[in-house]
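Data first, discussion second: the structure below is written as C-alpha cells.
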Amino acid sequence: MRPLRLIIICFLVLLFIDLPAQRICNTMEHLEKEIQEDPKRMGRLLKIEEFTQRAIRSGSNTRSVITIPVVVHVVYNTATENISDAQIQSQIDILNEDFRRLNADASNTPIEFQGVAADAEIEFCLATVAPNGAPTNGITRTQTTITSFGTNDQVKYTSSGGKDAWPSDEYLNVWVCDITGGILGYAQFPGGDAATDGVVNDYAYFGNIGTATPPFDLGRTMTHEVGHWLNLRHIWGDGGCGVDDFVSDTPTAGGPNYTGTPCTFPGPNSCNDGTGDLPDMFQNYMDYSDDACMNLFTSGQKARMNALFDLGGFRESLLTSNGCGTPLPPSCDDGYQNGEETGVDCGGPDCPACPTCDDGVMNGEETGIDCGGPDCPACPCLDNEVSITLNFDNYPEETSWQILNDINQVVASGGTYGNQPDGSTLVIDVCLTDGCYDFGILDSYGDGICCGYGNGSYSVTDDAGNILASGGSFGFSETTAFCLPGCQIDVDVNAASGYGSIMDAIGCATSGEIITLTSAIAGMTIDLGSMGIIIDKSLTIEANPADNIILTSSGSAPTIILNSGFTLTLRGFEIQSTSVDQPTISNNGILILDNSTIKNNMGNPQLINSTGSQVQVMNSSSLRK
C-alpha cells in the first residue's frame, strides 16, 4: 500500500504545481478587460488600426533599424524569483536574435515559409539612462509581500506591491514576477493607459538560464508578448477560420497550435483556403507552440510592427528616446534632480538654493516675481488677457495648442490633455503683450476635434469677448492669426516691421479701413521692404499732406502692387521706386491719388495699369520722373 500511497501523493503534488503543460498568454483577455473598463479603449484601438493600414499601404518606411530601450522591473517575494542580471541579459539577447532573424534555429523554418520569414529590423537594449538622467543598468528590483500576481496590473504599481512604470513613451517596461494561473505572460496592445503600458512575464519563463523552465525555456514567451506590444495578434486571430490576424502572409488557422518537439512539419492544416493552401504556421512566434518550435516573424508582421514608428505612429516617440544614450554626471544645469540636489538643479551642497514664491526674485519656473509657473500663484495680467476655451472630443489626449509671436517664438502652449474627461471643457487664460500672434491647435491623430469622435470645438477670445479664433473641424492642425489689442491701424512710423508698423497695419486691416500715420516727421522715408507691398483689400492710407512722407521699396519689385477688384487711396505720400526694371506702382484695381506723387528715380514707368484698372488724381497729385 505504501508505494500506491506515494504515487497518489506525487500525482496530487503535480496537480497543484503551477507548471503549465501548454502556453497560456493572457493578452487578449487583458484587452477585453481594458475595453470593459474604458469605453473609449476600442475607439483608440480602431484608430491605431486605421493608421496601421494606411502606413502599410503607403509603403513609406525607409528608416534604419529601430532600437527600443528596455527597463526590466523584477518584483520578487522569494530569492528564487529575484532573477540574476545574467538571466535578464540572456532574454535581451534572445529578443535581438528573434526580431533580427539571427536566431540559430532560423534554419528550421520550412521551405514553404522561408520566402516570407523576415528580419523585423527591431532591436532592444537595456536602458543606460534613467528617467532622471542618472546612469542605470536598466533593471529595478522590488521586494514585495505579494506572493503572486494576477493579470489585473497590480504588479505595475508601487502602491499595490509592484513597481511603477518608467515613462512608456521612452522605454519598454517589462515586469518579471510570479504570475498565478499557469499564465506565462501578457502584454498591453498599443493605445492603453501609459501607466500600465508594457509586458508582464513570469520569472520561470524568462531568458534561457537560471529559472527558465522547459518547454518554455528559450525566451520565446517574451518574443511572443513583445510581438503583442508591437500590435501583432495571434496567428489564428483569436477566432475560427473566418477571423484574421490582419496579416496576409500567415496562413489562416482555426485555433492555437500547441506543437511540441520534435516540431514535425507539416502540422495541422486547420483551415481550407482552397488552391495553394498552406498548413498552419506553428513555427510563428505568435502561435502557442513550445519555445523550441518557434523561429519566425513574417514580412506582413514586420510591416505591422514598423507602422507604429511611422510619423504620427503610437510608438514613434521611442525613436528619439535617450534611454540607451550616455548619462551625464550630475550638474546644476542638466534639467534633472540628481546628485545631492533637493530640487531640479537646486538645493544641496553644490547648487543654488531652490526658488520659493516669497524670495522677491523671478526664478525657477515663475513667469513673474514670486508668481506664475506650476508652484506659485498666478501673476496678475497687466497686458491683454486672452481666454482659450477647449471643448474636447472623445480623445483629449490627442489635443494640444500653441501661440507664436511675430518672430515665430512659442509664447504659450498646452496639452495634450489625457487627464481631462471625454467631452469636457477647459478654459485657459493667457496674458499677452501688444502684438500679432498665430494660434495653432493640433490633433495628433489628424482628425481634428470634430466631428467623427465627438463634437469638440475651440475658441480664443480677448478680454472684451471678441472672438480671435475658433473652429473644431480640421486635420492635424489649424492656425489663425490675430493681433492685440485688435488690429493697430495707427502706424508707428519708427517701426520697420512687426506690430504697429505700416506693413503690419496693411496685413491685418479689414477691407474699407483707414490706416493713419501718426507722429510722422516731414520728408521721412518708410521702406516697404525688398518685395514692396501687395494690396489685396480696399484701403485708405493717409498721412498729413504737408509732411510729404516717402514710401519706397529697397528691392527689385514694384513698391506697391494693387490687385484687381480693390481700391487703394493714398493721401499725403510721395511713392518712389529704386528698381532698375520695375514701375513704382503696378495697378490692377482702382488707384486714387490725393495730394500724392508717384516718382521713379531710375527712369522707368511710374505707373503700369492693367486692362480695366482706373486712376483718379485729385488735390495736386502728379506723376513724375
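Here's how to read the names in the C-alpha cells: chain A, B, ... by the order shown, residue numbers from 1 in each chain, ligand numbers from 1 in the order shown.
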Exercise. Quick one: DSSP strand (DSSP E or B) residues in segment 65-179 of chain A, as a PyMOL selection string?
Worked result: chain A and resi 66-76+117+122-126+129+135+139-143+149+172-177+179
Print the selection's residues with C-alpha atoms to a file, as a PDB file, in the first residue's frame.
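Once everything was written out, this is result-v4.pdb:
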ATOM      1  CA  ILE A  66      14.731  50.664 -34.640  1.00  0.00           C
ATOM      2  CA  THR A  67      16.288  50.407 -31.179  1.00  0.00           C
ATOM      3  CA  ILE A  68      13.963  50.218 -28.175  1.00  0.00           C
ATOM      4  CA  PRO A  69      15.267  50.976 -24.653  1.00  0.00           C
ATOM      5  CA  VAL A  70      14.057  48.391 -22.132  1.00  0.00           C
ATOM      6  CA  VAL A  71      13.695  48.583 -18.363  1.00  0.00           C
ATOM      7  CA  VAL A  72      13.132  45.295 -16.519  1.00  0.00           C
ATOM      8  CA  HIS A  73      11.298  45.590 -13.191  1.00  0.00           C
ATOM      9  CA  VAL A  74      11.990  42.463 -11.131  1.00  0.00           C
ATOM     10  CA  VAL A  75       9.260  42.194  -8.481  1.00  0.00           C
ATOM     11  CA  TYR A  76      10.028  39.273  -6.170  1.00  0.00           C
ATOM     12  CA  ALA A 117      10.300  34.938 -42.968  1.00  0.00           C
ATOM     13  CA  ILE A 122      13.908  45.983 -34.399  1.00  0.00           C
ATOM     14  CA  GLU A 123      16.498  45.727 -31.633  1.00  0.00           C
ATOM     15  CA  PHE A 124      16.388  46.074 -27.849  1.00  0.00           C
ATOM     16  CA  CYS A 125      18.844  47.435 -25.313  1.00  0.00           C
ATOM     17  CA  LEU A 126      18.805  47.540 -21.533  1.00  0.00           C
ATOM     18  CA  VAL A 129      19.930  56.349 -18.728  1.00  0.00           C
ATOM     19  CA  PRO A 135      23.147  56.129 -15.074  1.00  0.00           C
ATOM     20  CA  ILE A 139      16.982  46.846 -14.054  1.00  0.00           C
ATOM     21  CA  THR A 140      14.931  47.719 -10.980  1.00  0.00           C
ATOM     22  CA  ARG A 141      14.418  45.304  -8.103  1.00  0.00           C
ATOM     23  CA  THR A 142      11.466  45.443  -5.728  1.00  0.00           C
ATOM     24  CA  GLN A 143      10.851  43.011  -2.904  1.00  0.00           C
ATOM     25  CA  PHE A 149       0.326  38.426  -9.093  1.00  0.00           C
ATOM     26  CA  LEU A 172       9.528  49.370 -22.987  1.00  0.00           C
ATOM     27  CA  ASN A 173       8.557  48.440 -19.423  1.00  0.00           C
ATOM     28  CA  VAL A 174       8.909  44.741 -18.584  1.00  0.00           C
ATOM     29  CA  TRP A 175       7.718  43.354 -15.251  1.00  0.00           C
ATOM     30  CA  VAL A 176       9.098  39.949 -14.158  1.00  0.00           C
ATOM     31  CA  CYS A 177       7.217  38.302 -11.308  1.00  0.00           C
ATOM     32  CA  ILE A 179       2.027  35.080 -12.209  1.00  0.00           C
TER      33      ILE A 179
END
Exercise. Any idea what's packed within 8 Å of Val361 of chain A, counting only C-alpha atoms, ignoring anything in its chain fewer than 3 positions away? Could you give it as a ChimeraX atom specification?
Worked result: /A:358,369-370
Write to file, as an mmCIF file, in the first residue's frame, the residues of the selection just made, with N, CA, C and O atoms.
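Resulting contents of part_39.cif:
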data_model
loop_
_atom_site.group_PDB
_atom_site.id
_atom_site.type_symbol
_atom_site.label_atom_id
_atom_site.label_comp_id
_atom_site.auth_asym_id
_atom_site.auth_seq_id
_atom_site.Cartn_x
_atom_site.Cartn_y
_atom_site.Cartn_z
ATOM 1 N N ASP A 358 8.325 83.454 -2.309
ATOM 2 C CA ASP A 358 8.353 84.656 -1.469
ATOM 3 C C ASP A 358 9.762 85.202 -1.270
ATOM 4 O O ASP A 358 10.057 85.839 -0.265
ATOM 5 N N ILE A 369 7.646 87.905 -10.707
ATOM 6 C CA ILE A 369 8.309 87.874 -9.404
ATOM 7 C C ILE A 369 7.394 87.183 -8.407
ATOM 8 O O ILE A 369 6.315 87.688 -8.062
ATOM 9 N N ASP A 370 7.803 85.995 -7.965
ATOM 10 C CA ASP A 370 7.052 85.200 -6.987
ATOM 11 C C ASP A 370 5.645 84.848 -7.462
ATOM 12 O O ASP A 370 4.717 84.698 -6.642
#
Within 8 Å of Ser596 of chain A, counting only C-alpha atoms, which residues qualify if same-chain residues fewer than 6 places away don't, as a PDB file with all heavy atoms, in the first residue's frame?
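The resulting selection34.pdb:
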ATOM      1  N   PRO A 545      -0.751 115.711 -45.521  1.00  0.00           N
ATOM      2  CA  PRO A 545      -0.206 116.092 -46.833  1.00  0.00           C
ATOM      3  C   PRO A 545       0.992 117.012 -46.739  1.00  0.00           C
ATOM      4  O   PRO A 545       1.889 116.968 -47.586  1.00  0.00           O
ATOM      5  CB  PRO A 545      -1.392 116.775 -47.514  1.00  0.00           C
ATOM      6  CG  PRO A 545      -2.596 116.163 -46.866  1.00  0.00           C
ATOM      7  CD  PRO A 545      -2.198 115.938 -45.435  1.00  0.00           C
ATOM      8  N   ASN A 548       4.539 115.161 -46.573  1.00  0.00           N
ATOM      9  CA  ASN A 548       5.111 114.542 -47.767  1.00  0.00           C
ATOM     10  C   ASN A 548       5.951 113.306 -47.400  1.00  0.00           C
ATOM     11  O   ASN A 548       7.152 113.232 -47.658  1.00  0.00           O
ATOM     12  CB  ASN A 548       5.961 115.544 -48.547  1.00  0.00           C
ATOM     13  CG  ASN A 548       6.324 115.001 -49.942  1.00  0.00           C
ATOM     14  OD1 ASN A 548       5.519 114.310 -50.557  1.00  0.00           O
ATOM     15  ND2 ASN A 548       7.524 115.317 -50.413  1.00  0.00           N
ATOM     16  N   LEU A 570      -4.297 106.769 -51.613  1.00  0.00           N
ATOM     17  CA  LEU A 570      -3.059 107.243 -50.988  1.00  0.00           C
ATOM     18  C   LEU A 570      -3.188 108.740 -50.774  1.00  0.00           C
ATOM     19  O   LEU A 570      -3.410 109.500 -51.725  1.00  0.00           O
ATOM     20  CB  LEU A 570      -1.856 106.916 -51.870  1.00  0.00           C
ATOM     21  CG  LEU A 570      -1.570 105.416 -52.072  1.00  0.00           C
ATOM     22  CD1 LEU A 570      -0.496 105.223 -53.137  1.00  0.00           C
ATOM     23  CD2 LEU A 570      -1.130 104.773 -50.766  1.00  0.00           C
ATOM     24  N   ARG A 571      -3.017 109.184 -49.538  1.00  0.00           N
ATOM     25  CA  ARG A 571      -3.242 110.586 -49.198  1.00  0.00           C
ATOM     26  C   ARG A 571      -2.015 111.121 -48.454  1.00  0.00           C
ATOM     27  O   ARG A 571      -1.686 110.651 -47.365  1.00  0.00           O
ATOM     28  CB  ARG A 571      -4.492 110.705 -48.321  1.00  0.00           C
ATOM     29  CG  ARG A 571      -4.954 112.112 -48.009  1.00  0.00           C
ATOM     30  CD  ARG A 571      -6.310 112.083 -47.306  1.00  0.00           C
ATOM     31  NE  ARG A 571      -7.357 111.588 -48.198  1.00  0.00           N
ATOM     32  CZ  ARG A 571      -8.303 110.731 -47.817  1.00  0.00           C
ATOM     33  NH1 ARG A 571      -8.322 110.274 -46.590  1.00  0.00           N
ATOM     34  NH2 ARG A 571      -9.231 110.362 -48.681  1.00  0.00           N
ATOM     35  N   GLY A 572      -1.284 112.063 -49.118  1.00  0.00           N
ATOM     36  CA  GLY A 572      -0.165 112.711 -48.448  1.00  0.00           C
ATOM     37  C   GLY A 572       1.154 111.970 -48.583  1.00  0.00           C
ATOM     38  O   GLY A 572       2.003 112.067 -47.699  1.00  0.00           O
ATOM     39  N   PHE A 573       1.371 111.265 -49.718  1.00  0.00           N
ATOM     40  CA  PHE A 573       2.598 110.489 -49.882  1.00  0.00           C
ATOM     41  C   PHE A 573       3.314 110.831 -51.179  1.00  0.00           C
ATOM     42  O   PHE A 573       2.696 111.273 -52.161  1.00  0.00           O
ATOM     43  CB  PHE A 573       2.278 108.983 -49.908  1.00  0.00           C
ATOM     44  CG  PHE A 573       1.796 108.435 -48.605  1.00  0.00           C
ATOM     45  CD1 PHE A 573       0.443 108.231 -48.385  1.00  0.00           C
ATOM     46  CD2 PHE A 573       2.691 108.141 -47.594  1.00  0.00           C
ATOM     47  CE1 PHE A 573      -0.011 107.728 -47.192  1.00  0.00           C
ATOM     48  CE2 PHE A 573       2.245 107.634 -46.392  1.00  0.00           C
ATOM     49  CZ  PHE A 573       0.893 107.433 -46.184  1.00  0.00           C
ATOM     50  N   GLU A 574       4.631 110.601 -51.155  1.00  0.00           N
ATOM     51  CA  GLU A 574       5.408 110.505 -52.384  1.00  0.00           C
ATOM     52  C   GLU A 574       5.879 109.065 -52.461  1.00  0.00           C
ATOM     53  O   GLU A 574       6.593 108.584 -51.581  1.00  0.00           O
ATOM     54  CB  GLU A 574       6.598 111.451 -52.372  1.00  0.00           C
ATOM     55  CG  GLU A 574       7.447 111.348 -53.635  1.00  0.00           C
ATOM     56  CD  GLU A 574       8.608 112.337 -53.652  1.00  0.00           C
ATOM     57  OE1 GLU A 574       8.331 113.550 -53.583  1.00  0.00           O
ATOM     58  OE2 GLU A 574       9.766 111.874 -53.716  1.00  0.00           O
ATOM     59  N   ILE A 575       5.456 108.356 -53.539  1.00  0.00           N
ATOM     60  CA  ILE A 575       5.800 106.948 -53.676  1.00  0.00           C
ATOM     61  C   ILE A 575       6.934 106.845 -54.684  1.00  0.00           C
ATOM     62  O   ILE A 575       6.833 107.322 -55.811  1.00  0.00           O
ATOM     63  CB  ILE A 575       4.589 106.116 -54.131  1.00  0.00           C
ATOM     64  CG1 ILE A 575       3.411 106.316 -53.162  1.00  0.00           C
ATOM     65  CG2 ILE A 575       4.949 104.636 -54.163  1.00  0.00           C
ATOM     66  CD1 ILE A 575       2.474 107.397 -53.592  1.00  0.00           C
ATOM     67  N   SER A 620      -3.711 118.246 -56.338  1.00  0.00           N
ATOM     68  CA  SER A 620      -2.283 118.470 -56.622  1.00  0.00           C
ATOM     69  C   SER A 620      -1.466 117.196 -56.703  1.00  0.00           C
ATOM     70  O   SER A 620      -0.240 117.219 -56.489  1.00  0.00           O
ATOM     71  CB  SER A 620      -1.668 119.405 -55.555  1.00  0.00           C
ATOM     72  OG  SER A 620      -2.363 120.634 -55.500  1.00  0.00           O
ATOM     73  N   SER A 621      -2.086 116.067 -57.007  1.00  0.00           N
ATOM     74  CA  SER A 621      -1.318 114.832 -57.191  1.00  0.00           C
ATOM     75  C   SER A 621      -0.662 114.838 -58.560  1.00  0.00           C
ATOM     76  O   SER A 621      -1.103 115.541 -59.473  1.00  0.00           O
ATOM     77  CB  SER A 621      -2.234 113.612 -57.064  1.00  0.00           C
ATOM     78  OG  SER A 621      -2.769 113.555 -55.747  1.00  0.00           O
ATOM     79  N   SER A 622       0.419 114.046 -58.727  1.00  0.00           N
ATOM     80  CA  SER A 622       1.134 114.054 -60.005  1.00  0.00           C
ATOM     81  C   SER A 622       1.939 112.785 -60.192  1.00  0.00           C
ATOM     82  O   SER A 622       2.209 112.051 -59.244  1.00  0.00           O
ATOM     83  CB  SER A 622       2.062 115.271 -60.088  1.00  0.00           C
ATOM     84  OG  SER A 622       3.086 115.173 -59.101  1.00  0.00           O
TER      85      SER A 622
END
For this session: Could you check how far atom CA of Ala165 of chain A sits from atom CA of Gln91 of chain A, in Å to one decimal?
Result: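 Going from atom CA of Ala165 of chain A over to atom CA of Gln91 of chain A covers 19.4 Å.
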Exercise. Any idea what's packed within 12 Å of Thr213 of chain A, counting only C-alpha atoms, ignoring anything in its chain fewer than 2 positions away? Could you give it as a ChimeraX atom specification?
Worked result: /A:18-21,184,202-211,215-221,290-291
Please produce an output containing N, CA and C atoms for each residue in the selection, written as an mmCIF file, in the first residue's frame.
data_model
loop_
_atom_site.group_PDB
_atom_site.id
_atom_site.type_symbol
_atom_site.label_atom_id
_atom_site.label_comp_id
_atom_site.auth_asym_id
_atom_site.auth_seq_id
_atom_site.Cartn_x
_atom_site.Cartn_y
_atom_site.Cartn_z
ATOM 1 N N ASP A 18 2.301 24.879 -10.229
ATOM 2 C CA ASP A 18 1.909 25.830 -11.277
ATOM 3 C C ASP A 18 2.859 25.754 -12.465
ATOM 4 N N LEU A 19 2.945 24.542 -13.082
ATOM 5 C CA LEU A 19 3.803 24.370 -14.249
ATOM 6 C C LEU A 19 2.914 24.074 -15.449
ATOM 7 N N PRO A 20 2.703 25.050 -16.346
ATOM 8 C CA PRO A 20 1.799 24.814 -17.465
ATOM 9 C C PRO A 20 2.397 23.835 -18.468
ATOM 10 N N ALA A 21 1.555 22.888 -18.922
ATOM 11 C CA ALA A 21 1.992 21.983 -19.986
ATOM 12 C C ALA A 21 1.821 22.639 -21.334
ATOM 13 N N LEU A 184 1.906 32.364 -18.687
ATOM 14 C CA LEU A 184 3.313 32.654 -18.918
ATOM 15 C C LEU A 184 3.578 34.150 -18.976
ATOM 16 N N ASP A 202 6.292 35.838 -16.519
ATOM 17 C CA ASP A 202 6.578 35.024 -15.338
ATOM 18 C C ASP A 202 8.080 34.754 -15.241
ATOM 19 N N TYR A 203 8.600 34.794 -14.015
ATOM 20 C CA TYR A 203 10.045 34.637 -13.805
ATOM 21 C C TYR A 203 10.544 33.266 -14.247
ATOM 22 N N ALA A 204 9.637 32.257 -14.315
ATOM 23 C CA ALA A 204 10.050 30.892 -14.669
ATOM 24 C C ALA A 204 10.158 30.691 -16.169
ATOM 25 N N TYR A 205 9.802 31.706 -16.966
ATOM 26 C CA TYR A 205 9.813 31.554 -18.422
ATOM 27 C C TYR A 205 10.465 32.767 -19.066
ATOM 28 N N PHE A 206 11.535 33.227 -18.446
ATOM 29 C CA PHE A 206 12.212 34.444 -18.870
ATOM 30 C C PHE A 206 13.663 34.114 -19.160
ATOM 31 N N GLY A 207 14.135 34.417 -20.378
ATOM 32 C CA GLY A 207 15.513 34.098 -20.741
ATOM 33 C C GLY A 207 15.707 32.604 -20.940
ATOM 34 N N ASN A 208 16.967 32.177 -20.959
ATOM 35 C CA ASN A 208 17.247 30.753 -21.196
ATOM 36 C C ASN A 208 18.224 30.162 -20.186
ATOM 37 N N ILE A 209 18.416 30.855 -19.053
ATOM 38 C CA ILE A 209 19.251 30.298 -17.978
ATOM 39 C C ILE A 209 18.528 30.538 -16.657
ATOM 40 N N GLY A 210 19.137 30.105 -15.571
ATOM 41 C CA GLY A 210 18.563 30.361 -14.252
ATOM 42 C C GLY A 210 17.247 29.641 -14.046
ATOM 43 N N THR A 211 16.182 30.386 -13.833
ATOM 44 C CA THR A 211 14.880 29.787 -13.523
ATOM 45 C C THR A 211 14.098 29.364 -14.758
ATOM 46 N N PRO A 215 8.868 23.474 -21.160
ATOM 47 C CA PRO A 215 9.366 23.643 -22.541
ATOM 48 C C PRO A 215 9.376 25.098 -22.993
ATOM 49 N N PHE A 216 9.352 26.003 -22.007
ATOM 50 C CA PHE A 216 9.325 27.429 -22.341
ATOM 51 C C PHE A 216 10.578 28.107 -21.776
ATOM 52 N N ASP A 217 11.712 27.520 -22.102
ATOM 53 C CA ASP A 217 12.986 27.933 -21.515
ATOM 54 C C ASP A 217 13.931 28.549 -22.537
ATOM 55 N N LEU A 218 13.408 28.978 -23.688
ATOM 56 C CA LEU A 218 14.260 29.590 -24.715
ATOM 57 C C LEU A 218 13.930 31.068 -24.928
ATOM 58 N N GLY A 219 13.167 31.649 -24.023
ATOM 59 C CA GLY A 219 12.911 33.098 -24.080
ATOM 60 C C GLY A 219 11.848 33.515 -25.067
ATOM 61 N N ARG A 220 11.118 32.548 -25.658
ATOM 62 C CA ARG A 220 10.144 32.908 -26.701
ATOM 63 C C ARG A 220 8.845 33.465 -26.110
ATOM 64 N N THR A 221 8.629 33.308 -24.807
ATOM 65 C CA THR A 221 7.456 33.956 -24.197
ATOM 66 C C THR A 221 7.568 35.470 -24.340
ATOM 67 N N ASP A 290 5.552 25.242 -28.328
ATOM 68 C CA ASP A 290 6.659 25.291 -27.383
ATOM 69 C C ASP A 290 7.787 26.144 -27.951
ATOM 70 N N ASP A 291 8.645 26.660 -27.072
ATOM 71 C CA ASP A 291 9.722 27.551 -27.495
ATOM 72 C C ASP A 291 10.574 26.946 -28.612
#
For this session: From segment 466-589 of chain A, collect each residue whose DSSP state is alpha helix (DSSP H) and return the set as JSON, numbers by chain.
Result: {"A": [502, 503, 504, 505, 506, 507, 508]}
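The nearest approach to Arg233 of chain A among the residues A:Leu328, A:Leu31, A:Cys371, A:Cys431, with only C-alpha atoms taken into account, belongs to A:Leu31.
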Problem set entry | Distance criterion (only C-alpha atoms): nearest to Leu46 of chain A out of A:Gly191, A:Asn77, A:Cys379, A:Ser511 |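 Result for the nearest residue to Leu46 of chain A: A:Gly191.
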For this session: Identify, on the basis of only C-alpha atoms, every residue whose closest approach to segment 459-470 of chain A does not exceed 12 Å; exclude the query and any residue fewer than 4 positions from it along the same chain; express the result as a ChimeraX atom specification.
Result: /A:381-392,401-403,425-434,436-441,449,474,478-487
Problem set entry | Shortest interatomic distance to Ala307 of chain A - which of A:Thr516, A:Asn588, A:Ala120, A:Gly523, counting only C-alpha atoms |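 Ranking A:Thr516, A:Asn588, A:Ala120, A:Gly523 by distance to Ala307 of chain A, first place goes to A:Ala120.
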